[in-house]
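Worksheet: one structure, shown below.
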4 protein chains.
Amino acid sequence: MSTYGRLFRVTTYGESHCASVGAIVDGCPPGLELTAADIQTQLSRRRPGQSNLTTPRDEKDLVHLQSGTERGVTLGTPIGLLVKNEDQRPHDYSETDLYPRPSHADYTYLEKYGIKASSGGGRSSARETIGRVAAGAIAEKYLKLAYGIEIVAFVSSVGKIHLPSTVSSASSNEDDDEAQDALSEEFRHLIKTITREEVDKFPTRCPHPETSERMIQRIIRAKDAQDSIGGTVTAVIRNVPSGLGEPVFDKFEAALGHAMLSIPATKGFEIGSGFKGTEVPGSKHNDPFVRRDDGKLGTTTNWSGGVQGGITNGEDIYFRIGFKSPATISQGQATAQYDGTPGELAARGRHDPCVVPRAVPIVEAMAAIVVLDQLLIQNSRKTAASLLPELSGLPPSMVQPKNASAA
Amino acid sequence: MSTYGRLFRVTTYGESHCASVGAIVDGCPPGLELTAADIQTQLSRRRPGQSNLTTPRDEKDLVHLQSGTERGVTLGTPIGLLVKNEDQRPHDYSETDLYPRPSHADYTYLEKYGIKASSGGGRSSARETIGRVAAGAIAEKYLKLAYGIEIVAFVSSVGKIHLPSTVSSASSNEDDDEAQDALSEEFRHLIKTITREEVDKFPTRCPHPETSERMIQRIIRAKDAQDSIGGTVTAVIRNVPSGLGEPVFDKFEAALGHAMLSIPATKGFEIGSGFKGTEVPGSKHNDPFVRRDDGKLGTTTNWSGGVQGGITNGEDIYFRIGFKSPATISQGQATAQYDGTPGELAARGRHDPCVVPRAVPIVEAMAAIVVLDQLLIQNSRKTAASLLPELSGLPPSMVQPKNASAA
Amino acid sequence: MSTYGRLFRVTTYGESHCASVGAIVDGCPPGLELTAADIQTQLSRRRPGQSNLTTPRDEKDLVHLQSGTERGVTLGTPIGLLVKNEDQRPHDYSETDLYPRPSHADYTYLEKYGIKASSGGGRSSARETIGRVAAGAIAEKYLKLAYGIEIVAFVSSVGKIHLPSTVSSASSNEDDDEAQDALSEEFRHLIKTITREEVDKFPTRCPHPETSERMIQRIIRAKDAQDSIGGTVTAVIRNVPSGLGEPVFDKFEAALGHAMLSIPATKGFEIGSGFKGTEVPGSKHNDPFVRRDDGKLGTTTNWSGGVQGGITNGEDIYFRIGFKSPATISQGQATAQYDGTPGELAARGRHDPCVVPRAVPIVEAMAAIVVLDQLLIQNSRKTAASLLPELSGLPPSMVQPKNASAA
Amino acid sequence: MSTYGRLFRVTTYGESHCASVGAIVDGCPPGLELTAADIQTQLSRRRPGQSNLTTPRDEKDLVHLQSGTERGVTLGTPIGLLVKNEDQRPHDYSETDLYPRPSHADYTYLEKYGIKASSGGGRSSARETIGRVAAGAIAEKYLKLAYGIEIVAFVSSVGKIHLPSTVSSASSNEDDDEAQDALSEEFRHLIKTITREEVDKFPTRCPHPETSERMIQRIIRAKDAQDSIGGTVTAVIRNVPSGLGEPVFDKFEAALGHAMLSIPATKGFEIGSGFKGTEVPGSKHNDPFVRRDDGKLGTTTNWSGGVQGGITNGEDIYFRIGFKSPATISQGQATAQYDGTPGELAARGRHDPCVVPRAVPIVEAMAAIVVLDQLLIQNSRKTAASLLPELSGLPPSMVQPKNASAA
């Protein structure tokens with residue numbers, strides 16, 4: 001379905017070549033100062049044509065707010081928004097239409113619907129993400145103002161080129177239990193301090209000068225070869241209150257993973273120590289508790305990535321998403337036509353050789369949507385519980401100690 | 001929330017020490033032959049105490065069907081089912097109750113609810129998964145009978161010990177574009193042919209004798225050290241029709257990832273070539289089409305893992321889930337009490353040193369639930385579309401060619 | 001929330017004075033011929049300014065399709081649509097702003113959101129229904145083409161003036177069990193044959209010349225008195241297949257009632273014999289079965305209104321909705337300001353003295369949306385069940401007899 | 001589907017003759033004192049066999065809590081509960097099985113599922129409502145403790161015998177605008193003061209001695225004639241905060257109507273002045289505002305029934321539900337068999353001649369479920385809005401005046 005969320009809900013519409021793409025954002029808290037400019041910033045970060053690493057199409061992607069605000073303040077009612085498609089020309093038939101692009105949605109959309117948009121990727125086009133980025137920008141503004149929540153994503157790998165600190169270089173000796181450096185000091189510092197401004201200094205959005213430079217070369221090599229290359233995006237969400245995430249089926253990481261894997265071209269999601277963490281024994285992987293300055297419990301390490309038992313614990317939430325190499329490439333591919341006839345397809349036009357830099361604001365948007373939705377649900381519970389008469393006589397194993405978590 | 005699914009819906013209840021755990025399974029197709037025995041098989045595979053690798057508690061886990069069937073046939077109405085908790089004793093207070101277990105749900109549940117079950121993991125206990133496994137067994141039976149769908153999961157790593165074929169040994173030279181062996185012939189053969197019978201020959205549920213043996217040693221080492229170790233589970237779903245998965249937010253892999261990441265202790269999910277695939281250029285990663293014997297299109301390779309553009313393409317769907325090392329360990333841990341007082345916690349009792357062998361049927365169950373739910377939604381669309389008058393005059397780029405996908 | 005439906009889903013946005021009102025229609029079957037003209041017809045029937053009985057504002061209400069179709073055919077993807085608000089002027093402050101209009105949403109919206117649109121009814125404005133009427137027109141087109149389903153609504157009362165056949169004139173003797181004429185031959189004939197063309201011959205949309213004439217006089221009297229008057233709308237849905245409606249919580253009439261009671265100004269809903277039917281003993285009220293020409297069972301009477309046990313039985317579905325007198329009137333009302341100061345409010349501007357004629361297409365739209373959503377769910381079940389192996393050995397009390405319901 | 005609610009969610013299971021009926025209640029606020037006794041009271045009020053007016057079957061209907069509480073306090077986790085079916089005997093074949101009971105669910109269930117429970121009403125049985133009554137009792141306890149909310153339902157008519165004050169005796173002169181006595185002083189007093197204790201003094205649950213006596217005679221007459229008779233239930237919800245109800249599709253009355261129309265045998269729902277109110281001009285029907293003692297606005301009359309624009313205004317919410325005469329009667333009925341063969345059906349066994357007295361706790365339960373669900377959603381919004389920086393510079397027409405609604 002085209003709707004995500006329970007209390008903060010985003011519904012999107014739009015194909016690559018129809019009149020417009022857009023969204024209805026339902027459940028935004030009332031009384032939030034909001035103008036198109038708040039949304040435009042992230043839309044522009046998502047926009048193609050920002051450097052020679054991305055597709056040269058220049059689409060302005062100006063957002064038009066339709067409803068839900070008056071005098072720059074949200075009314076609590078649904079926010080309709082849209083971005084016009086500049087290119088709405090009907091598609092001319094071409095020989096390449098005989099071929100479903102390998103690993104693209106051409107074939108599966110036709111299998112699903114029995115009909116498909118004549119050109120571009122239709123609904124599977126990356127233009128669909130415009131509505132999400134807009135919705136995410138709204139969620140983000142609320143989260144920032146009400147909770148000081150910060151969300152920053154960055155490119156952590158392109159092809160085989162990885163941001164140093166995110167990859168373990170630990171012993172591959174299977175009997176060596178020494179904890180790996182997946183959570184190196186450098187990485188923990190990075191996720192604690194990284195800002196969008198820092199990220200945007202680099203055309204690759206990888207905030208590490210040397211690595212970024214190598215990534216650029218890698219992307220240019222793909223481009224020159226009429227090929228494409230994938231990569232990963234890492235993101236951090238800071239200042240999220242503890243207690244978010246709904247057991248059982250809507251654990252925080254399940255909702256977050258769902259949202260991330262709904263972004264086109266994603267093939268994997270991991271949170272905290274992720275797959276590498278599965279190799280670390282519990283005694284090393286567990287995050288010991290410690291009293292924080294504000295009197296609440298924190299953890300000295302953060303292998304958990306801010307989530308324990310499916311519920312946030314107040315520490316930084318960080319995660320990584322894998323994006324495959326774009327399916328549309330210009331070099332010839334031996335494949336078959338829709339009717340099964342073998343042949344060679346050479347896609348025309350210019351295509352993004354690597355999508356991860358542009359995926360950064362999309363990841364941030366989906367993260368903001370998930371956090372706000374879960375926050376609204378948990379707030380409802382806490383408010384409800386706070387109205388009940390105080391309990392007495394429960395054993396200490398069932399309740400919070402008096403002097404903890406007072407805040 | 002405790003409900004998963006749209007048309008095939010599972011709602012679970014139950015903590016570790018309450019009267020029973022169970023589920024309501026809503027939306028099961030009517031007319032399916034179903035008895036408790038169909039469910040018991042998978043419940044027994046999930047059960048602890050199956051070997052010396054798992055926790056020695058022996059719980060019979062007998063399922064009691066409450067409703068939804070008569071004379072061994074489903075009525076289409078909700079299927080209530082429950083498994084009694086053998087151990088319902090009230091928890092005696094102990095000193096360990098002062099400590100939230102590091103990286104366990106103790107602390108976060110208290111933050112979420114302001115109250116928690118006095119003992120065990122409460123709702124975060126693995127016993128909650130009983131309801132899911134039961135629901136999955138029902139879904140599976142339907143999928144097998146109606147579509148011949150097969151779902152098999154197996155352990156692909158324990159700690160640093162990996163099933164050979166699932167790990168890339170390709171060049172780490174970042175300019176080397178040669179495709180890696182993540183999709184080795186051996187691995188493709190494995191996912192095409194592996195059966196539960198084969199998997200269950202091994203106490204580790206890793207269907208590779210030598211690797212399994214090393215995994216056993218690794219688990220025993222963790223056990224002896226009063227420590228724990230994580231691992232990964234790989235699963236395959238065969239014979240899924242093309243067209244499943246709902247753009248945009250409920251792509252097949254998003255729904256599948258959501259389901260898998262809702263299993264306790266999971267930290268990562270990847271489908272098809274996954275994270276490794278992000279390093280492979282599009283020209284190598286794309287799966288070329290070819291006409292299959294039944295006239296439909298298939299692909300010669302399967303880096304996509306059976307899903308393209310969020311929609312199944314009819315090829316084998318395979319994916320991998322990472323499970324962290326269990327948080328509950330018996331060796332002493334320096335940590336803090338609920339009130340922030342530093343100290344050392346040594347958890348009593350016997351705990352699973354490694355959960356991945358027991359996670360296998362849970363992964364299979366969640367996979368079955370996702371597939372059936374998506375299948376019901378897509379069937380609805382296909383049936384609806386089939387009742388419309390035939391269209392004419394559409395350009396060939398919008399419709400299926402006459403002689404393809406006829407089946 | 002601003003979304004209705006499970007598989008056919010409508011999400012609306014828009015206030016009375018924002019840039020546009022619109023909707024996203026998700027889950028429309030692919031391959032349906034659809035243009036703006038299909039939608040415009042019903043939008044125009046909803047439009048004010050059609051006669052001297054309604055508000056004289058003339059808004060063109062032209063619909064703009066944004067997505068989801070190509071070359072006049074639905075793609076199965078979400079259909080975005082919008083209608084521009086002609087009057088987007090910022091509201092000038094006036095003394096009447098001090099007063100919440102009695103029985104209007106002014107006060108409750110402010111209580112709900114803590115903020116409200118400065119003018120008109122904001123989100124509670126009848127303009128919100130534009131999105132629903134558009135969505136309903138799409139659903140209707142499908143239902144007509146695929147099932148021959150017909151939906152016709154008409155005005156059955158204005159104030160105390162009732163369409164003769166819909167009101168019981170039976171004995172009020174409480175011991176008199178004779179069945180009443182709520183289901184008179186005349187009424188049954190009416191619901192079997194009434195068409196929109198016939199309904200639209202009357203400015204009141206009450207298809208009974210004499211009654212319509214009296215209704216006109218009643219509305220004019222309200223208008224002249226700067227007052228307003230309520231009424232009821234009756235609707236029929238013909239050719240709905242048996243088996244729609246989901247036990248338990250989503251019974252057909254529950255879903256239908258929900259949809260109807262979501263229309264502004266509604267205060268009541270009844271299906272079939274409704275409230276009057278509660279006075280008729282079971283022996284008279286039960287609808288006897290009879291074999292129809294097509295071999296399936298029908299009923300000789302239809303007190304049930306086409307629904308039994310929450311599930312459609314294939315007979316005509318008819319129901320009635322009560323609309324209160326519009327709250328906004330121009331005559332002075334003694335009331336209180338927002339701050340509690342007593343005073344007199346005289347609303348300016350021209351307002352609909354009676355909304356029921358314009359409510360007719362809205363009722364039809366909501367009915368179509370409900371039917372299509374329930375149809376898609378039931379189709380999914382039937383398709384799923386049809387793929388299972390045939391059962392044998394069940395007692396005759398559990399299964400359909402061979403020679404019945406064969407169609 | 002078998003689930004109701006968004007944040008407070010009830011899922012039920014069970015047929016008339018399976019092992020048990022029950023429910024999972026998800027989203028109950030944590031920290032609520034709750035034992036089986038809290039639930040049993042309402043279950044016992046629902047139970048048959050309470051007087052000679054109801055079916056003589058005596059089922060104990062003892063509820064067993066399975067999960068979600070410890071030491072008599074809710075944990076915030078799902079509450080599993082069940083009531084065993086005492087009569088689980090397999091159904092013996094009888095000649096009446098050849099006939100679908102007229103106006104019962106026998107036929108439509110078979111059309112829906114292609115299979116049905118061999119005996120009783122299966123899932124359409126009134127026993128399904130046990131799960132709802134239990135869930136409602138939990139919701140009620142919370143609402144009472146946290147908000148002082150009171151919910152009382154009572155029988156307002158049986159056949160043609162109506163509680164005097166609820167029926168209009170106004171002029172039927174269609175030009176007479178004098179307001180009717182639908183909201184007589186007597187009725188307003190009744191809904192303000194009626195208690196369950198008072199209601200339960202009467203076997204009919206109609207709290208008016210003379211009327212109750214006549215109702216008893218009416219029911220006995222139906223019983224003696226092997227016939228049945230319908231009626232209406234009126235309910236009031238007191239002390240509901242303003243601001244509940246979600247525009248657009250989930251208006252308070254839409255959600256409430258949905259819930260009520262999901263109760264078996266219901267044919268109509270009206271809120272506030274309802275259908276009668278449609279005959280009253282706006283000038284008489286509008287509820288003038290007045291400052292209440294607590295500083296908030298109240299209304300001097302309450303034709304609205306506590307809801308305006310789909311949102312609660314803090315006044316008493318009252319509504320009426322119509323229940324048809326039970327379909328199962330013992331007297332012979334000329335009808336047709338499943339295969340279309342005409343014949344006469346005489347149902348065996350003893351059946352409720354009138355269900356409205358037993359419907360009273362079911363109505364209360366569904367009301368409680370709706371209110372709590374809507375309350376949780378609105379609480380979430382209010383908490384979210386309260387965390388935003390204060391706004392300045394908005395025109396007075398957009399915001400609440402300082403000295404109003406301060407509470």
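By convention here, the chains of the structure tokens are called A, B, ... in the order presented, each chain's residues are numbered starting at 1, and ligands are numbered starting at 1 in the order presented.
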Exercise: segment 388-392 of chain C partners within 9 Å, only C-alpha atoms, chain neighbours under 5 positions left out, as a list in words: Pro29, Gly31, Leu32, Glu33, Val73, Tyr142, Leu145, Ala146 and Tyr147 of chain B
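The neighbours of segment 376-380 of chain A here are the residues that come within 7 Å of it, using only C-alpha atoms and leaving out any residue fewer than 3 positions away in the same chain; they are A:Leu7, A:Leu244, A:Leu372, A:Asp373, A:Thr383, A:Ala384, D:Leu376, D:Ile377, D:Asn379, D:Ser380, D:Thr383, D:Ala384.
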Contact set, chain C to chain A: 6 Å, only C-alpha atoms, as a PyMOL selection string: chain C and resi 13-14+18-20+30+66-67+75+78+80+113+116
I need the chosen residues saved as a PDB file, in the first residue's frame, with C-alpha atoms.
```pdb
ATOM      1  CA  TYR C  13      -6.890  16.438   2.388  1.00  0.00           C
ATOM      2  CA  GLY C  14      -8.112  19.987   2.311  1.00  0.00           C
ATOM      3  CA  CYS C  18      -6.659  26.350   1.316  1.00  0.00           C
ATOM      4  CA  ALA C  19      -5.091  25.899  -2.142  1.00  0.00           C
ATOM      5  CA  SER C  20      -6.996  22.772  -3.111  1.00  0.00           C
ATOM      6  CA  PRO C  30      -5.561  -1.934 -12.893  1.00  0.00           C
ATOM      7  CA  GLN C  66      -2.396  13.751 -11.112  1.00  0.00           C
ATOM      8  CA  SER C  67      -1.333  10.138 -11.402  1.00  0.00           C
ATOM      9  CA  LEU C  75      -2.269   1.488 -13.830  1.00  0.00           C
ATOM     10  CA  PRO C  78      -2.431   5.437  -6.536  1.00  0.00           C
ATOM     11  CA  GLY C  80      -3.858  11.459  -7.055  1.00  0.00           C
ATOM     12  CA  TYR C 113      -6.306  20.901  17.995  1.00  0.00           C
ATOM     13  CA  LYS C 116      -8.218  26.225  13.914  1.00  0.00           C
TER      14      LYS C 116
END
```
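Residue-level DSSP output for segment 206-252 of chain B, from the backbone, shows alpha helix (DSSP H) at Pro209, Glu210, Thr211, Ser212, Glu213, Arg214, Met215, Ile216, Gln217, Arg218, Ile219, Ile220, Arg221, Ala222, Lys223, Asp224 and Phe252 of chain B.
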Using the selection just defined, write its residues with C-alpha atoms as a short mmCIF file (atom, residue, chain, number, x, y, z; two decimals), in the first residue's frame.
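Output file again_38.cif follows:
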```cif
data_model
loop_
_atom_site.label_atom_id
_atom_site.label_comp_id
_atom_site.auth_asym_id
_atom_site.auth_seq_id
_atom_site.Cartn_x
_atom_site.Cartn_y
_atom_site.Cartn_z
CA PRO B 209 28.82 -31.56 8.39
CA GLU B 210 32.22 -30.03 8.90
CA THR B 211 30.95 -26.55 9.59
CA SER B 212 28.30 -27.88 11.90
CA GLU B 213 30.93 -29.70 13.89
CA ARG B 214 32.96 -26.54 14.32
CA MET B 215 29.83 -24.64 15.32
CA ILE B 216 29.13 -27.22 18.00
CA GLN B 217 32.59 -26.69 19.44
CA ARG B 218 32.06 -22.94 19.34
CA ILE B 219 28.76 -23.17 21.19
CA ILE B 220 30.19 -25.51 23.78
CA ARG B 221 33.05 -23.12 24.31
CA ALA B 222 30.56 -20.30 24.93
CA LYS B 223 28.59 -22.51 27.28
CA ASP B 224 31.63 -23.52 29.24
CA PHE B 252 8.00 -7.62 -0.42
#
```
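The two atoms in question, atom CA of Gly72 of chain A and atom CA of Lys141 of chain A, are spaced 13.1 Å apart.
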Strand (DSSP E) positions in segment 165-370 of chain D, given as a PyMOL selection string: chain D and resi 231-238+266-271+289-291+297-299+307-308+311-312+317-323+333-336+342-345
Take the residues from that selection and put them in a file with N, CA and C atoms, as a short mmCIF file (atom, residue, chain, number, x, y, z; two decimals), in the first residue's frame.
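Writing the result to selection38.cif gives the following:
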```
data_model
loop_
_atom_site.label_atom_id
_atom_site.label_comp_id
_atom_site.auth_asym_id
_atom_site.auth_seq_id
_atom_site.Cartn_x
_atom_site.Cartn_y
_atom_site.Cartn_z
N GLY D 231 -36.30 -4.70 19.61
CA GLY D 231 -36.35 -3.57 20.52
C GLY D 231 -35.16 -2.65 20.32
N THR D 232 -35.06 -1.70 21.20
CA THR D 232 -33.94 -0.76 21.11
C THR D 232 -33.26 -0.62 22.46
N VAL D 233 -31.99 -0.28 22.39
CA VAL D 233 -31.21 0.01 23.59
C VAL D 233 -30.71 1.45 23.47
N THR D 234 -30.85 2.19 24.53
CA THR D 234 -30.31 3.55 24.58
C THR D 234 -29.15 3.55 25.56
N ALA D 235 -28.13 4.31 25.25
CA ALA D 235 -26.97 4.34 26.14
C ALA D 235 -26.47 5.76 26.31
N VAL D 236 -25.85 6.00 27.44
CA VAL D 236 -25.24 7.30 27.69
C VAL D 236 -23.81 7.11 28.19
N ILE D 237 -22.94 8.00 27.76
CA ILE D 237 -21.56 8.02 28.23
C ILE D 237 -21.35 9.40 28.84
N ARG D 238 -21.04 9.41 30.12
CA ARG D 238 -20.89 10.69 30.82
C ARG D 238 -19.42 10.98 31.14
N THR D 266 -28.22 -5.97 15.01
CA THR D 266 -28.50 -4.53 14.98
C THR D 266 -28.90 -4.10 13.57
N LYS D 267 -29.83 -3.16 13.51
CA LYS D 267 -30.28 -2.65 12.21
C LYS D 267 -30.24 -1.13 12.13
N GLY D 268 -29.93 -0.46 13.24
CA GLY D 268 -29.91 0.99 13.17
C GLY D 268 -29.16 1.60 14.33
N PHE D 269 -28.68 2.81 14.10
CA PHE D 269 -27.93 3.55 15.11
C PHE D 269 -28.26 5.02 14.94
N GLU D 270 -28.53 5.71 16.03
CA GLU D 270 -28.68 7.16 15.94
C GLU D 270 -28.09 7.79 17.19
N ILE D 271 -27.55 8.98 17.01
CA ILE D 271 -26.90 9.68 18.11
C ILE D 271 -27.59 11.01 18.34
N PHE D 289 -24.27 27.89 23.36
CA PHE D 289 -23.16 27.76 24.31
C PHE D 289 -23.41 28.59 25.57
N VAL D 290 -22.77 28.15 26.64
CA VAL D 290 -22.86 28.89 27.90
C VAL D 290 -21.59 28.56 28.69
N ARG D 291 -21.15 29.50 29.47
CA ARG D 291 -19.95 29.24 30.28
C ARG D 291 -20.31 28.32 31.45
N LEU D 297 -16.69 26.01 28.01
CA LEU D 297 -18.01 26.17 27.42
C LEU D 297 -18.82 24.88 27.53
N GLY D 298 -20.08 25.02 27.84
CA GLY D 298 -21.02 23.91 27.77
C GLY D 298 -22.18 24.34 26.90
N THR D 299 -23.16 23.48 26.77
CA THR D 299 -24.33 23.86 25.97
C THR D 299 -25.57 23.76 26.86
N VAL D 307 -21.66 15.39 20.60
CA VAL D 307 -20.71 15.34 19.48
C VAL D 307 -21.07 16.42 18.48
N GLN D 308 -20.10 17.23 18.10
CA GLN D 308 -20.32 18.27 17.09
C GLN D 308 -19.17 18.26 16.10
N ILE D 311 -16.66 15.48 16.72
CA ILE D 311 -15.75 15.55 17.86
C ILE D 311 -16.55 15.81 19.14
N THR D 312 -16.18 15.15 20.21
CA THR D 312 -16.92 15.31 21.46
C THR D 312 -16.76 16.74 22.00
N ILE D 317 -22.89 11.98 26.02
CA ILE D 317 -23.05 11.32 24.71
C ILE D 317 -24.14 10.28 24.86
N TYR D 318 -25.20 10.42 24.07
CA TYR D 318 -26.24 9.38 24.15
C TYR D 318 -26.63 8.95 22.76
N PHE D 319 -27.05 7.72 22.65
CA PHE D 319 -27.33 7.15 21.34
C PHE D 319 -28.25 5.95 21.51
N ARG D 320 -28.81 5.50 20.40
CA ARG D 320 -29.81 4.44 20.44
C ARG D 320 -29.48 3.43 19.36
N ILE D 321 -29.69 2.17 19.67
CA ILE D 321 -29.40 1.10 18.71
C ILE D 321 -30.65 0.25 18.55
N GLY D 322 -30.99 -0.07 17.31
CA GLY D 322 -32.14 -0.94 17.04
C GLY D 322 -31.72 -2.38 16.82
N PHE D 323 -32.36 -3.29 17.55
CA PHE D 323 -32.11 -4.73 17.39
C PHE D 323 -33.36 -5.38 16.79
N GLN D 333 -41.94 -22.16 9.63
CA GLN D 333 -41.80 -21.11 8.63
C GLN D 333 -41.73 -21.74 7.25
N ALA D 334 -42.52 -21.22 6.35
CA ALA D 334 -42.45 -21.68 4.96
C ALA D 334 -41.24 -21.04 4.31
N THR D 335 -40.32 -21.87 3.86
CA THR D 335 -39.07 -21.34 3.29
C THR D 335 -38.49 -22.39 2.34
N ALA D 336 -37.23 -22.31 2.03
CA ALA D 336 -36.63 -23.29 1.13
C ALA D 336 -35.37 -23.87 1.76
N PRO D 342 -38.67 -26.20 -1.66
CA PRO D 342 -39.55 -25.53 -0.70
C PRO D 342 -39.94 -26.47 0.44
N GLY D 343 -40.22 -25.93 1.60
CA GLY D 343 -40.62 -26.75 2.73
C GLY D 343 -40.89 -25.89 3.94
N GLU D 344 -41.11 -26.57 5.06
CA GLU D 344 -41.36 -25.81 6.28
C GLU D 344 -40.30 -26.13 7.32
N LEU D 345 -39.72 -25.08 7.89
CA LEU D 345 -38.71 -25.24 8.92
C LEU D 345 -39.29 -24.89 10.29
#
```
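Comparing D:Ile329, D:Ala265, D:Ile362, D:Ala347 by their smallest distance to Arg45 of chain D, the closest is D:Ile362 (using only C-alpha atoms).
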